[in-house]
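Shown below: my_file14.cif, with mmCIF, C-alpha atoms.
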data_model
#
loop_
_atom_site.group_PDB
_atom_site.id
_atom_site.type_symbol
_atom_site.label_atom_id
_atom_site.label_comp_id
_atom_site.auth_asym_id
_atom_site.auth_seq_id
_atom_site.Cartn_x
_atom_site.Cartn_y
_atom_site.Cartn_z
ATOM 1 C CA MET D 362 6.524 48.218 -12.238
ATOM 2 C CA LEU D 363 7.380 44.641 -11.336
ATOM 3 C CA GLN D 364 8.112 42.484 -14.363
ATOM 4 C CA TYR D 365 7.184 38.872 -13.750
ATOM 5 C CA LYS D 366 9.642 37.775 -16.415
ATOM 6 C CA ASP D 367 12.318 38.858 -13.927
ATOM 7 C CA ILE D 368 11.155 36.643 -11.059
ATOM 8 C CA ASP D 369 10.790 32.920 -10.418
ATOM 9 C CA LEU D 370 7.777 30.834 -9.533
ATOM 10 C CA ILE D 371 8.368 28.140 -6.904
ATOM 11 C CA VAL D 372 5.702 25.433 -6.698
ATOM 12 C CA ILE D 373 5.893 22.842 -3.912
ATOM 13 C CA VAL D 374 4.070 19.878 -5.414
ATOM 14 C CA GLY D 375 4.270 17.292 -2.637
ATOM 15 C CA ALA D 376 4.318 14.833 -1.186
ATOM 16 C CA GLN D 377 1.562 14.938 1.422
ATOM 17 C CA LYS D 378 2.635 14.469 5.054
ATOM 18 C CA SER D 379 6.265 15.073 4.080
ATOM 19 C CA GLY D 380 7.038 18.507 5.496
ATOM 20 C CA THR D 381 5.554 20.690 2.758
ATOM 21 C CA SER D 382 3.876 22.982 5.310
ATOM 22 C CA SER D 383 7.194 23.600 7.032
ATOM 23 C CA LEU D 384 9.032 24.244 3.763
ATOM 24 C CA PHE D 385 6.294 26.620 2.588
ATOM 25 C CA SER D 386 6.522 28.486 5.890
ATOM 26 C CA TYR D 387 10.308 28.793 5.706
ATOM 27 C CA LEU D 388 10.236 30.134 2.132
ATOM 28 C CA SER D 389 7.263 32.416 2.826
ATOM 29 C CA GLU D 390 9.191 34.272 5.505
ATOM 30 C CA HIS D 391 12.115 35.036 3.183
ATOM 31 C CA TYR D 392 12.156 38.775 2.434
ATOM 32 C CA GLN D 393 12.572 38.168 -1.316
ATOM 33 C CA VAL D 394 9.615 35.755 -1.542
ATOM 34 C CA ALA D 395 5.876 36.454 -1.800
ATOM 35 C CA GLU D 396 3.671 33.570 -0.712
ATOM 36 C CA SER D 397 0.196 32.629 -1.882
ATOM 37 C CA ILE D 398 -2.657 33.752 0.370
ATOM 38 C CA THR D 399 -2.869 30.262 1.828
ATOM 39 C CA LYS D 400 -0.780 27.145 1.719
ATOM 40 C CA GLN D 401 -2.559 24.520 -0.367
ATOM 41 C CA SER D 402 -4.378 26.931 -2.649
ATOM 42 C CA CYS D 403 -5.090 23.993 -5.030
ATOM 43 C CA TYR D 404 -5.032 26.479 -7.925
ATOM 44 C CA PHE D 405 -3.787 24.009 -10.544
ATOM 45 C CA MET D 406 -6.254 21.269 -9.625
ATOM 46 C CA SER D 407 -9.065 20.224 -11.942
ATOM 47 C CA GLU D 408 -12.425 21.920 -12.429
ATOM 48 C CA GLY D 409 -14.021 18.916 -10.774
ATOM 49 C CA TYR D 410 -11.922 19.416 -7.669
ATOM 50 C CA TYR D 411 -12.866 23.090 -7.513
ATOM 51 C CA ALA D 412 -16.563 22.240 -7.868
ATOM 52 C CA LEU D 413 -16.318 19.973 -4.813
ATOM 53 C CA ASN D 414 -14.243 22.381 -2.720
ATOM 54 C CA LYS D 415 -15.320 25.939 -3.606
ATOM 55 C CA SER D 416 -15.451 27.107 -0.006
ATOM 56 C CA ASP D 417 -11.888 25.917 0.666
ATOM 57 C CA VAL D 418 -10.222 26.943 -2.604
ATOM 58 C CA PRO D 419 -9.583 30.686 -3.075
ATOM 59 C CA ARG D 420 -9.265 30.659 -6.886
ATOM 60 C CA GLN D 421 -10.352 28.418 -9.736
ATOM 61 C CA TYR D 422 -7.689 27.588 -12.297
ATOM 62 C CA SER D 423 -7.669 29.621 -15.487
ATOM 63 C CA LYS D 424 -5.132 30.409 -18.197
ATOM 64 C CA LYS D 425 -5.165 34.108 -17.293
ATOM 65 C CA LEU D 426 -2.021 35.284 -15.508
ATOM 66 C CA GLU D 427 -3.944 37.895 -13.519
ATOM 67 C CA ASP D 428 -6.108 35.174 -11.941
ATOM 68 C CA PHE D 429 -3.035 33.371 -10.684
ATOM 69 C CA LEU D 430 -1.307 36.556 -9.532
ATOM 70 C CA SER D 431 -4.338 37.471 -7.439
ATOM 71 C CA LEU D 432 -3.186 34.711 -5.079
ATOM 72 C CA PHE D 433 -0.134 36.831 -4.189
ATOM 73 C CA PRO D 434 -1.253 40.146 -2.645
ATOM 74 C CA SER D 435 2.044 40.567 -0.760
ATOM 75 C CA VAL D 436 4.195 41.068 -3.885
ATOM 76 C CA GLN D 437 6.659 43.971 -3.444
ATOM 77 C CA PRO D 438 9.128 45.701 -5.824
ATOM 78 C CA HIS D 439 11.976 43.682 -4.242
ATOM 79 C CA THR D 440 10.184 40.331 -4.709
ATOM 80 C CA LYS D 441 12.320 37.820 -6.580
ATOM 81 C CA ALA D 442 10.127 34.722 -6.296
ATOM 82 C CA LEU D 443 6.560 33.618 -5.675
ATOM 83 C CA VAL D 444 5.886 30.422 -3.730
ATOM 84 C CA GLU D 445 2.765 28.267 -3.811
ATOM 85 C CA ALA D 446 2.365 24.819 -2.273
ATOM 86 C CA THR D 447 -0.235 22.108 -2.758
ATOM 87 C CA PRO D 448 1.008 18.578 -1.980
ATOM 88 C CA ASP D 449 -1.746 16.969 -4.069
ATOM 89 C CA TYR D 450 -0.094 18.286 -7.236
ATOM 90 C CA LEU D 451 2.537 15.559 -7.521
ATOM 91 C CA HIS D 452 0.088 12.687 -7.919
ATOM 92 C CA THR D 453 -2.928 14.363 -9.540
ATOM 93 C CA PRO D 454 -3.289 13.794 -13.320
ATOM 94 C CA GLY D 455 -2.887 16.882 -15.520
ATOM 95 C CA VAL D 456 -1.542 19.217 -12.840
ATOM 96 C CA LEU D 457 2.159 19.208 -13.757
ATOM 97 C CA VAL D 458 1.322 20.131 -17.362
ATOM 98 C CA ARG D 459 -0.702 23.124 -16.155
ATOM 99 C CA ILE D 460 2.203 24.245 -13.980
ATOM 100 C CA LYS D 461 4.586 23.838 -16.913
ATOM 101 C CA ALA D 462 2.457 26.277 -18.938
ATOM 102 C CA MET D 463 3.353 29.049 -16.461
ATOM 103 C CA GLU D 464 6.930 29.120 -17.752
ATOM 104 C CA CYS D 465 5.985 31.655 -20.426
ATOM 105 C CA TYR D 466 5.185 34.225 -17.719
ATOM 106 C CA PHE D 467 8.149 33.864 -15.333
ATOM 107 C CA ARG D 468 11.935 33.794 -15.454
ATOM 108 C CA SER D 469 11.661 30.142 -14.466
ATOM 109 C CA VAL D 470 9.316 27.688 -12.779
ATOM 110 C CA GLN D 471 11.015 25.768 -9.987
ATOM 111 C CA VAL D 472 9.172 22.632 -8.881
ATOM 112 C CA VAL D 473 9.938 21.180 -5.458
ATOM 113 C CA ALA D 474 9.032 17.699 -4.230
ATOM 114 C CA VAL D 475 9.767 16.724 -0.630
ATOM 115 C CA LEU D 476 9.747 12.951 -0.249
ATOM 116 C CA ARG D 477 9.347 10.992 2.957
ATOM 117 C CA HIS D 478 9.954 7.281 3.373
ATOM 118 C CA PRO D 479 6.648 5.922 2.024
ATOM 119 C CA VAL D 480 6.047 3.601 4.977
ATOM 120 C CA ASP D 481 6.612 6.358 7.538
ATOM 121 C CA ARG D 482 4.442 8.640 5.469
ATOM 122 C CA PHE D 483 1.606 6.107 5.308
ATOM 123 C CA VAL D 484 1.736 5.654 9.078
ATOM 124 C CA SER D 485 1.631 9.429 9.474
ATOM 125 C CA TRP D 486 -1.467 9.509 7.228
ATOM 126 C CA TYR D 487 -3.001 6.800 9.411
ATOM 127 C CA ARG D 488 -2.500 8.930 12.508
ATOM 128 C CA PHE D 489 -3.653 12.070 10.701
ATOM 129 C CA SER D 490 -6.854 10.321 9.588
ATOM 130 C CA ILE D 491 -7.592 9.579 13.231
ATOM 131 C CA GLN D 492 -6.746 13.178 14.111
ATOM 132 C CA LEU D 493 -9.231 14.392 11.477
ATOM 133 C CA ASN D 494 -11.821 11.952 12.825
ATOM 134 C CA LYS D 495 -12.020 10.271 9.408
ATOM 135 C CA ILE D 496 -11.424 6.857 10.925
ATOM 136 C CA ASP D 497 -12.142 5.517 14.387
ATOM 137 C CA SER D 498 -9.254 5.658 16.845
ATOM 138 C CA HIS D 499 -9.499 1.870 17.263
ATOM 139 C CA THR D 500 -8.990 1.241 13.537
ATOM 140 C CA SER D 501 -5.926 -0.928 12.992
ATOM 141 C CA LEU D 502 -3.150 -0.058 10.579
ATOM 142 C CA LYS D 503 -4.154 -3.112 8.526
ATOM 143 C CA ASP D 504 -7.787 -1.988 8.349
ATOM 144 C CA TYR D 505 -6.712 1.477 7.250
ATOM 145 C CA TYR D 506 -4.469 -0.080 4.585
ATOM 146 C CA ASP D 507 -7.455 -2.018 3.248
ATOM 147 C CA MET D 508 -9.650 1.121 3.244
ATOM 148 C CA ASN D 509 -7.353 2.881 0.801
ATOM 149 C CA GLY D 510 -8.423 3.084 -2.829
ATOM 150 C CA HIS D 511 -7.227 4.639 -6.076
ATOM 151 C CA ILE D 512 -6.321 8.249 -6.723
ATOM 152 C CA LEU D 513 -9.150 10.190 -8.314
ATOM 153 C CA THR D 514 -8.886 13.113 -10.714
ATOM 154 C CA ALA D 515 -11.367 15.156 -8.672
ATOM 155 C CA PHE D 516 -11.801 14.595 -4.959
ATOM 156 C CA LYS D 517 -12.458 16.262 -1.656
ATOM 157 C CA GLU D 518 -9.424 17.180 0.421
ATOM 158 C CA SER D 519 -10.412 14.697 3.130
ATOM 159 C CA ASP D 520 -10.380 11.890 0.584
ATOM 160 C CA GLY D 521 -6.596 12.114 0.632
ATOM 161 C CA CYS D 522 -6.849 9.963 3.738
ATOM 162 C CA PHE D 523 -8.119 7.134 1.596
ATOM 163 C CA PHE D 524 -5.594 7.080 -1.224
ATOM 164 C CA ALA D 525 -2.553 7.710 0.969
ATOM 165 C CA LYS D 526 -1.210 4.298 -0.033
ATOM 166 C CA GLU D 527 -1.174 4.849 -3.790
ATOM 167 C CA SER D 528 0.029 8.463 -3.615
ATOM 168 C CA GLY D 529 3.195 7.210 -1.908
ATOM 169 C CA GLN D 530 4.318 5.394 -5.067
ATOM 170 C CA TYR D 531 6.614 8.248 -6.052
ATOM 171 C CA GLU D 532 8.213 6.353 -8.919
ATOM 172 C CA GLN D 533 4.872 6.573 -10.711
ATOM 173 C CA PHE D 534 4.870 10.397 -10.752
ATOM 174 C CA LEU D 535 8.472 11.625 -10.714
ATOM 175 C CA PRO D 536 9.481 10.614 -14.274
ATOM 176 C CA GLN D 537 6.871 12.965 -15.758
ATOM 177 C CA ALA D 538 8.006 15.767 -13.452
ATOM 178 C CA LEU D 539 11.609 15.245 -14.541
ATOM 179 C CA ASP D 540 10.653 15.194 -18.215
ATOM 180 C CA LEU D 541 8.758 18.463 -17.859
ATOM 181 C CA PHE D 542 11.090 20.449 -15.600
ATOM 182 C CA GLY D 543 14.555 18.899 -15.888
ATOM 183 C CA ASP D 544 17.089 20.722 -13.686
ATOM 184 C CA ASN D 545 14.287 22.872 -12.300
ATOM 185 C CA LEU D 546 12.843 19.863 -10.493
ATOM 186 C CA HIS D 547 14.182 19.676 -6.930
ATOM 187 C CA VAL D 548 13.628 16.360 -5.169
ATOM 188 C CA LEU D 549 14.352 16.904 -1.486
ATOM 189 C CA SER D 550 14.546 14.562 1.461
ATOM 190 C CA PHE D 551 12.115 14.882 4.358
ATOM 191 C CA ASP D 552 14.898 13.626 6.632
ATOM 192 C CA GLN D 553 17.200 16.460 5.563
ATOM 193 C CA LEU D 554 14.402 19.002 5.925
ATOM 194 C CA LYS D 555 13.820 17.734 9.452
ATOM 195 C CA ASN D 556 17.434 17.292 10.558
ATOM 196 C CA SER D 557 19.369 19.874 8.501
ATOM 197 C CA PRO D 558 16.862 22.486 7.292
ATOM 198 C CA ARG D 559 19.414 25.299 7.143
ATOM 199 C CA GLU D 560 21.657 23.316 4.815
ATOM 200 C CA LEU D 561 18.710 22.359 2.613
ATOM 201 C CA LEU D 562 17.305 25.904 2.390
ATOM 202 C CA THR D 563 20.753 27.344 1.680
ATOM 203 C CA SER D 564 21.253 24.948 -1.226
ATOM 204 C CA LEU D 565 17.779 25.597 -2.630
ATOM 205 C CA CYS D 566 18.173 29.382 -2.395
ATOM 206 C CA ASN D 567 21.566 29.281 -4.084
ATOM 207 C CA HIS D 568 20.094 27.313 -6.985
ATOM 208 C CA ILE D 569 17.152 29.659 -7.427
ATOM 209 C CA GLY D 570 19.118 32.856 -6.818
ATOM 210 C CA LEU D 571 17.689 33.962 -3.479
ATOM 211 C CA ASP D 572 19.743 35.357 -0.611
ATOM 212 C CA SER D 573 20.696 32.216 1.328
ATOM 213 C CA ASN D 574 22.194 34.295 4.160
ATOM 214 C CA TYR D 575 18.638 34.911 5.343
ATOM 215 C CA TYR D 576 18.606 31.467 6.956
ATOM 216 C CA ASN D 577 21.898 31.883 8.880
ATOM 217 C CA GLN D 578 20.069 33.028 12.033
ATOM 218 C CA TYR D 579 16.634 31.683 11.175
ATOM 219 C CA GLU D 580 14.836 29.612 13.819
ATOM 220 C CA PHE D 581 13.336 26.537 12.195
ATOM 221 C CA GLY D 582 10.235 24.872 13.609
ATOM 222 C CA VAL D 583 7.780 22.147 12.606
ATOM 223 C CA VAL D 584 4.514 23.201 10.951
ATOM 224 C CA ASN D 585 1.370 21.025 10.742
ATOM 225 C CA LYS D 586 2.819 18.178 12.785
ATOM 226 C CA THR D 587 0.632 15.086 13.084
ATOM 227 C CA VAL D 588 -0.384 14.561 16.707
ATOM 228 C CA SER D 589 -3.058 12.888 18.755
ATOM 229 C CA ILE D 590 -5.889 15.160 19.848
ATOM 230 C CA ARG D 591 -8.070 15.471 22.929
ATOM 231 C CA SER D 592 -11.235 16.759 21.244
ATOM 232 C CA PRO D 593 -12.264 15.823 17.659
ATOM 233 C CA ALA D 594 -14.965 18.531 17.779
ATOM 234 C CA LEU D 595 -12.407 21.219 18.578
ATOM 235 C CA ALA D 596 -10.158 19.903 15.799
ATOM 236 C CA LYS D 597 -13.031 20.117 13.310
ATOM 237 C CA THR D 598 -13.708 23.715 14.339
ATOM 238 C CA TYR D 599 -10.044 24.614 14.004
ATOM 239 C CA LEU D 600 -9.843 23.128 10.496
ATOM 240 C CA GLY D 601 -13.024 25.009 9.571
ATOM 241 C CA LEU D 602 -11.276 28.293 10.324
ATOM 242 C CA ARG D 603 -9.387 27.806 7.037
ATOM 243 C CA ARG D 604 -12.419 29.210 5.198
ATOM 244 C CA VAL D 605 -12.420 32.305 7.406
ATOM 245 C CA TYR D 606 -8.695 32.757 6.844
ATOM 246 C CA ILE D 607 -9.090 32.550 3.048
ATOM 247 C CA PHE D 608 -11.859 35.154 3.217
ATOM 248 C CA ILE D 609 -9.705 37.539 5.266
ATOM 249 C CA MET D 610 -6.693 37.048 2.989
ATOM 250 C CA ASN D 611 -8.895 38.178 0.093
ATOM 251 C CA SER D 612 -9.771 41.395 1.934
ATOM 252 C CA PRO D 613 -7.943 44.581 3.018
ATOM 253 C CA LEU D 614 -7.540 42.954 6.454
ATOM 254 C CA ARG D 615 -4.983 40.453 5.145
ATOM 255 C CA LYS D 616 -2.010 42.135 6.880
ATOM 256 C CA ALA D 617 -3.514 41.269 10.251
ATOM 257 C CA ALA D 618 -4.546 37.743 9.248
ATOM 258 C CA LYS D 619 -1.229 35.930 9.573
ATOM 259 C CA PRO D 620 -0.375 37.106 13.139
ATOM 260 C CA ILE D 621 -3.918 36.288 14.276
ATOM 261 C CA ARG D 622 -3.724 32.861 12.649
ATOM 262 C CA ASN D 623 -0.407 32.198 14.422
ATOM 263 C CA ILE D 624 -1.888 33.139 17.809
ATOM 264 C CA ILE D 625 -4.941 30.930 17.278
ATOM 265 C CA SER D 626 -2.794 28.053 16.017
ATOM 266 C CA THR D 627 -0.450 28.214 19.015
ATOM 267 C CA ALA D 628 -3.345 28.317 21.469
ATOM 268 C CA TYR D 629 -5.185 25.467 19.749
ATOM 269 C CA HIS D 630 -2.200 23.118 19.715
ATOM 270 C CA ARG D 631 -1.441 23.882 23.350
ATOM 271 C CA ILE D 632 -5.011 22.978 24.324
ATOM 272 C CA ASN D 633 -5.795 20.048 22.037
ATOM 273 C CA ASP D 634 -2.522 18.276 21.225
ATOM 274 C CA THR D 635 -1.387 15.249 23.188
ATOM 275 C CA ALA D 636 1.085 12.429 22.661
ATOM 276 C CA TYR D 637 -0.173 9.457 20.665
ATOM 277 C CA ALA D 638 0.289 5.840 21.616
ATOM 278 C CA PRO D 639 2.895 3.763 19.751
ATOM 279 C CA ILE D 640 1.768 1.262 17.142
ATOM 280 C CA ASN D 641 2.723 -2.200 18.228
ATOM 281 C CA GLY D 642 1.499 -5.761 18.467
ATOM 282 C CA ALA D 643 1.934 -8.806 16.257
ATOM 283 C CA HIS D 644 -0.821 -7.831 13.811
ATOM 284 C CA GLN D 645 0.727 -4.377 13.388
ATOM 285 C CA GLU D 646 4.124 -5.969 12.742
ATOM 286 C CA ALA D 647 2.572 -7.867 9.843
ATOM 287 C CA SER D 648 1.092 -4.598 8.544
ATOM 288 C CA TYR D 649 4.518 -2.965 8.503
ATOM 289 C CA ASN D 650 5.952 -5.901 6.581
ATOM 290 C CA GLU D 651 3.099 -5.634 4.073
ATOM 291 C CA LEU D 652 3.780 -1.919 3.628
ATOM 292 C CA TYR D 653 7.482 -2.504 3.003
ATOM 293 C CA GLU D 654 6.645 -5.074 0.378
ATOM 294 C CA TYR D 655 4.119 -2.752 -1.266
ATOM 295 C CA TYR D 656 6.632 0.110 -1.426
ATOM 296 C CA LYS D 657 9.665 -1.992 -2.330
ATOM 297 C CA LYS D 658 9.897 -0.565 -5.852
ATOM 298 C CA THR D 659 9.445 3.006 -4.624
ATOM 299 C CA ILE D 660 12.167 2.680 -2.004
ATOM 300 C CA LEU D 661 14.656 1.183 -4.477
ATOM 301 C CA PHE D 662 13.823 3.874 -7.060
ATOM 302 C CA CYS D 663 14.417 6.775 -4.673
ATOM 303 C CA ASN D 664 17.554 5.283 -3.145
ATOM 304 C CA LYS D 665 19.001 4.817 -6.626
ATOM 305 C CA HIS D 666 17.993 8.089 -8.289
ATOM 306 C CA TYR D 667 18.178 10.522 -5.365
ATOM 307 C CA ASN D 668 20.785 8.857 -3.157
ATOM 308 C CA PHE D 669 18.353 8.456 -0.272
ATOM 309 C CA LYS D 670 19.239 6.016 2.494
ATOM 310 C CA TRP D 671 15.776 4.631 3.115
ATOM 311 C CA LYS D 672 15.614 1.306 4.910
ATOM 312 C CA GLN D 673 14.171 -1.530 2.858
ATOM 313 C CA LYS D 674 12.623 -3.674 5.574
ATOM 314 C CA HIS D 675 10.977 -3.240 8.940
ATOM 315 C CA ASN D 676 13.371 -3.484 11.866
ATOM 316 C CA GLY D 677 10.924 -2.952 14.701
ATOM 317 C CA SER D 678 11.329 0.809 15.004
ATOM 318 C CA GLU D 679 8.947 3.458 13.770
ATOM 319 C CA LYS D 680 8.908 7.198 13.123
ATOM 320 C CA ASN D 681 7.047 9.196 15.733
ATOM 321 C CA ASP D 682 6.306 12.397 13.836
#
Let me see whether you can do it: turn the structure in this file into structure tokens.
Amino acid sequence: MLQYKDIDLIVIVGAQKSGTSSLFSYLSEHYQVAESITKQSCYFMSEGYYALNKSDVPRQYSKKLEDFLSLFPSVQPHTKALVEATPDYLHTPGVLVRIKAMECYFRSVQVVAVLRHPVDRFVSWYRFSIQLNKIDSHTSLKDYYDMNGHILTAFKESDGCFFAKESGQYEQFLPQALDLFGDNLHVLSFDQLKNSPRELLTSLCNHIGLDSNYYNQYEFGVVNKTVSIRSPALAKTYLGLRRVYIFIMNSPLRKAAKPIRNIISTAYHRINDTAYAPINGAHQEASYNELYEYYKKTILFCNKHYNFKWKQKHNGSEKND
């Protein structure tokens, strides 16, 4: 019988639009790792969040280990780690403390934060909000900046579009994570995940105690990339399939669910994805400068504490993914 005191729990806590879907996918495919039935299970979120999102959240948080373990139907005798990922965790009040409480059940709790340059991340959220049809495609970057409000304790998933600005202030959330998890907090760079994923996964596996050789021949790809879309209606339908997927993953049909999801996902992106137009113009230039000023403290904090090489002012170029 599998003893959970002999395995590790890996929780990817954020940040949104920073590659967490890709990292979750890479770890999920490792033969020693069992993944949660869906990425972004939101298990550790508040009761208020669950009340607003019952149809999209497979389990409500409880202090019972069996409730949490029910998220991992693919556990095998050779499993050495469980992985769950919800990028709202990093900035949502109370969540990190609930994750910390899981340490009594597992060999260790490893918390992973993937951080993207906050300006690039905000621009990605801007594009993603258009993709989700949450804002009009003619909305300017400045208008979207002004639409953003404060982080709420309980919110709908789509509301993340409207506190993207504040949730990028990583220096507000990381000190608590460090205090709680110490050496078991892994702050990773989105740029390294994008440009050197094999090196990053090898290092992470070696720290946790997983077989890092698994990634020697692994083919890395991008998951949940922000793109422009042809049909908002088709995009809405595709996102709605998440509820169907959660239902299937809670049933005996779960073994067939992932391959089917992959086929549908590939077909959808081939049909509905298209290149988006660059953001330019004098008014957009001013918006970039405003964003750099807003995130000045965040950029300096991450460059100092995590040896990132984030640029500190706008130089006319922009990230296109």
(request) May I have the protein, DNA and RNA residues with any atom at most 6 Å from the point (10.6, 25.8, -5.0), counting all atoms listed in the file, written as a PyMOL selection string? (result) chain D and resi 371-373+471-473
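Each of D:Ala395, D:Val584, D:Gly529, D:Phe516 was compared to Ala412 of chain D using all atoms listed in the file, and D:Phe516 turns out to be the nearest.
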(request) Please measure the separation of atom CA of Gly582 of chain D and atom CA of Ala446 of chain D, giving the value in Å to one decimal. (result) 17.7 Å
(message) What's around segment 564-568 of chain D at 12 Å? Count only C-alpha atoms, leave out sequence neighbours fewer than 3 positions away in its own chain, and write the answer as a ChimeraX atom specification.
(response) /D:369,371,384,387-388,391,393-394,441-442,469,471-474,544-549,553-554,557-561,571-576
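Distance-wise, atom CA of Tyr506 of chain D and atom CA of Gln645 of chain D end up 11.1 Å apart.
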Write out as JSON lines a residue-level contact list of segment 477-510 of chain D versus segment 651-673 of chain D with cut-off 12 Å: for each qualifying residue the closest pair of atoms and the distance in Å to one decimal, counting all atoms listed in the file, rows sorted by chain and residue number upward.
{"residue": "D:Arg477", "atom": "CA", "partner": "D:Trp671", "partner_atom": "CA", "distance": 9.0}
{"residue": "D:His478", "atom": "CA", "partner": "D:Trp671", "partner_atom": "CA", "distance": 6.4}
{"residue": "D:Pro479", "atom": "CA", "partner": "D:Tyr656", "partner_atom": "CA", "distance": 6.8}
{"residue": "D:Val480", "atom": "CA", "partner": "D:Leu652", "partner_atom": "CA", "distance": 6.1}
{"residue": "D:Asp481", "atom": "CA", "partner": "D:Leu652", "partner_atom": "CA", "distance": 9.6}
{"residue": "D:Arg482", "atom": "CA", "partner": "D:Leu652", "partner_atom": "CA", "distance": 10.7}
{"residue": "D:Phe483", "atom": "CA", "partner": "D:Leu652", "partner_atom": "CA", "distance": 8.5}
{"residue": "D:Val484", "atom": "CA", "partner": "D:Leu652", "partner_atom": "CA", "distance": 9.6}
{"residue": "D:Leu502", "atom": "CA", "partner": "D:Leu652", "partner_atom": "CA", "distance": 10.0}
{"residue": "D:Lys503", "atom": "CA", "partner": "D:Glu651", "partner_atom": "CA", "distance": 8.9}
{"residue": "D:Tyr505", "atom": "CA", "partner": "D:Leu652", "partner_atom": "CA", "distance": 11.6}
{"residue": "D:Tyr506", "atom": "CA", "partner": "D:Leu652", "partner_atom": "CA", "distance": 8.5}
{"residue": "D:Asp507", "atom": "CA", "partner": "D:Glu651", "partner_atom": "CA", "distance": 11.2}
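Taking only C-alpha atoms into account, His439 of chain D lies nearest to D:Ile368 out of the set D:Ala538, D:Cys403, D:Ile368, D:Leu513.
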(request) Would you mind listing what lies within 12 Å of Val374 of chain D as an MDAnalysis selection string, with all atoms listed in the file counted and same-chain residues fewer than 5 positions away left out? (result) chainID D and resid 379:382 384:385 400:406 444:453 456:457 460 470:476 531 534:535 538 546:549
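If you look at atom CA of Pro536 of chain D and atom CA of Cys465 of chain D, they are 22.2 Å away from each other.
Proximity of D:Cys522, D:Val458, D:Ile512, D:Ala376 to Gln492 of chain D, computed with all atoms listed in the file, is greatest for D:Cys522.
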(message) Using only C-alpha atoms - which residues lie no farther than 10 Å from the point (13.3, 43.6, -12.3) in the file's frame? Write them as a PyMOL selection string.
(response) chain D and resi 362-368+438-441
(request) For Ser498 of chain D, work out the shell of residues within 10 Å, counting all atoms listed in the file and skipping chain neighbours fewer than 3 positions away, then give it as a ChimeraX atom specification. (result) /D:487-488,490-492,494-495,501,589
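Distances here use only C-alpha atoms; by that measure, the residue among D:Asn414, D:Thr563, D:Ser485, D:Ser383 closest to Lys526 of chain D is D:Ser485.
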Run the PyMOL selection byres ((chain D and resi 420) around 9) on the file and write out the hits as a PDB file with C-alpha atoms, in the coordinates of the input.
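So part07.pdb came out as:
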ATOM      1  CA  SER D 402      -4.378  26.931  -2.649  1.00  0.00           C
ATOM      2  CA  CYS D 403      -5.090  23.993  -5.030  1.00  0.00           C
ATOM      3  CA  TYR D 404      -5.032  26.479  -7.925  1.00  0.00           C
ATOM      4  CA  TYR D 411     -12.866  23.090  -7.513  1.00  0.00           C
ATOM      5  CA  LYS D 415     -15.320  25.939  -3.606  1.00  0.00           C
ATOM      6  CA  VAL D 418     -10.222  26.943  -2.604  1.00  0.00           C
ATOM      7  CA  PRO D 419      -9.583  30.686  -3.075  1.00  0.00           C
ATOM      8  CA  GLN D 421     -10.352  28.418  -9.736  1.00  0.00           C
ATOM      9  CA  TYR D 422      -7.689  27.588 -12.297  1.00  0.00           C
ATOM     10  CA  SER D 423      -7.669  29.621 -15.487  1.00  0.00           C
ATOM     11  CA  ASP D 428      -6.108  35.174 -11.941  1.00  0.00           C
ATOM     12  CA  PHE D 429      -3.035  33.371 -10.684  1.00  0.00           C
ATOM     13  CA  SER D 431      -4.338  37.471  -7.439  1.00  0.00           C
ATOM     14  CA  LEU D 432      -3.186  34.711  -5.079  1.00  0.00           C
TER      15      LEU D 432
END
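Distances from D:Arg459, D:His675, D:Lys424, D:Lys378 to Leu541 of chain D were compared using only C-alpha atoms, and the smallest one belongs to D:Arg459.
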Could you rebuild segment 494-502 of chain D with N, CA and C atoms and give it back as a CSV table (one decimal), in the frame of the given file?
chain,number,residue,atom,x,y,z
D,494,ASN,N,-10.6,12.7,12.5
D,494,ASN,CA,-11.8,12.0,12.8
D,494,ASN,C,-12.4,11.3,11.6
D,495,LYS,N,-11.6,11.0,10.6
D,495,LYS,CA,-12.0,10.3,9.4
D,495,LYS,C,-12.1,8.8,9.6
D,496,ILE,N,-11.3,8.3,10.6
D,496,ILE,CA,-11.4,6.9,10.9
D,496,ILE,C,-11.5,6.8,12.4
D,497,ASP,N,-12.0,5.7,12.9
D,497,ASP,CA,-12.1,5.5,14.4
D,497,ASP,C,-10.8,5.3,15.0
D,498,SER,N,-10.6,5.8,16.2
D,498,SER,CA,-9.3,5.7,16.8
D,498,SER,C,-8.8,4.2,17.1
D,499,HIS,N,-9.8,3.3,17.1
D,499,HIS,CA,-9.5,1.9,17.3
D,499,HIS,C,-9.2,1.1,15.9
D,500,THR,N,-9.3,1.9,14.8
D,500,THR,CA,-9.0,1.2,13.5
D,500,THR,C,-7.5,0.8,13.5
D,501,SER,N,-7.3,-0.4,13.1
D,501,SER,CA,-5.9,-0.9,13.0
D,501,SER,C,-5.2,-0.4,11.7
D,502,LEU,N,-3.9,-0.5,11.7
D,502,LEU,CA,-3.2,-0.1,10.6
D,502,LEU,C,-3.5,-0.9,9.4
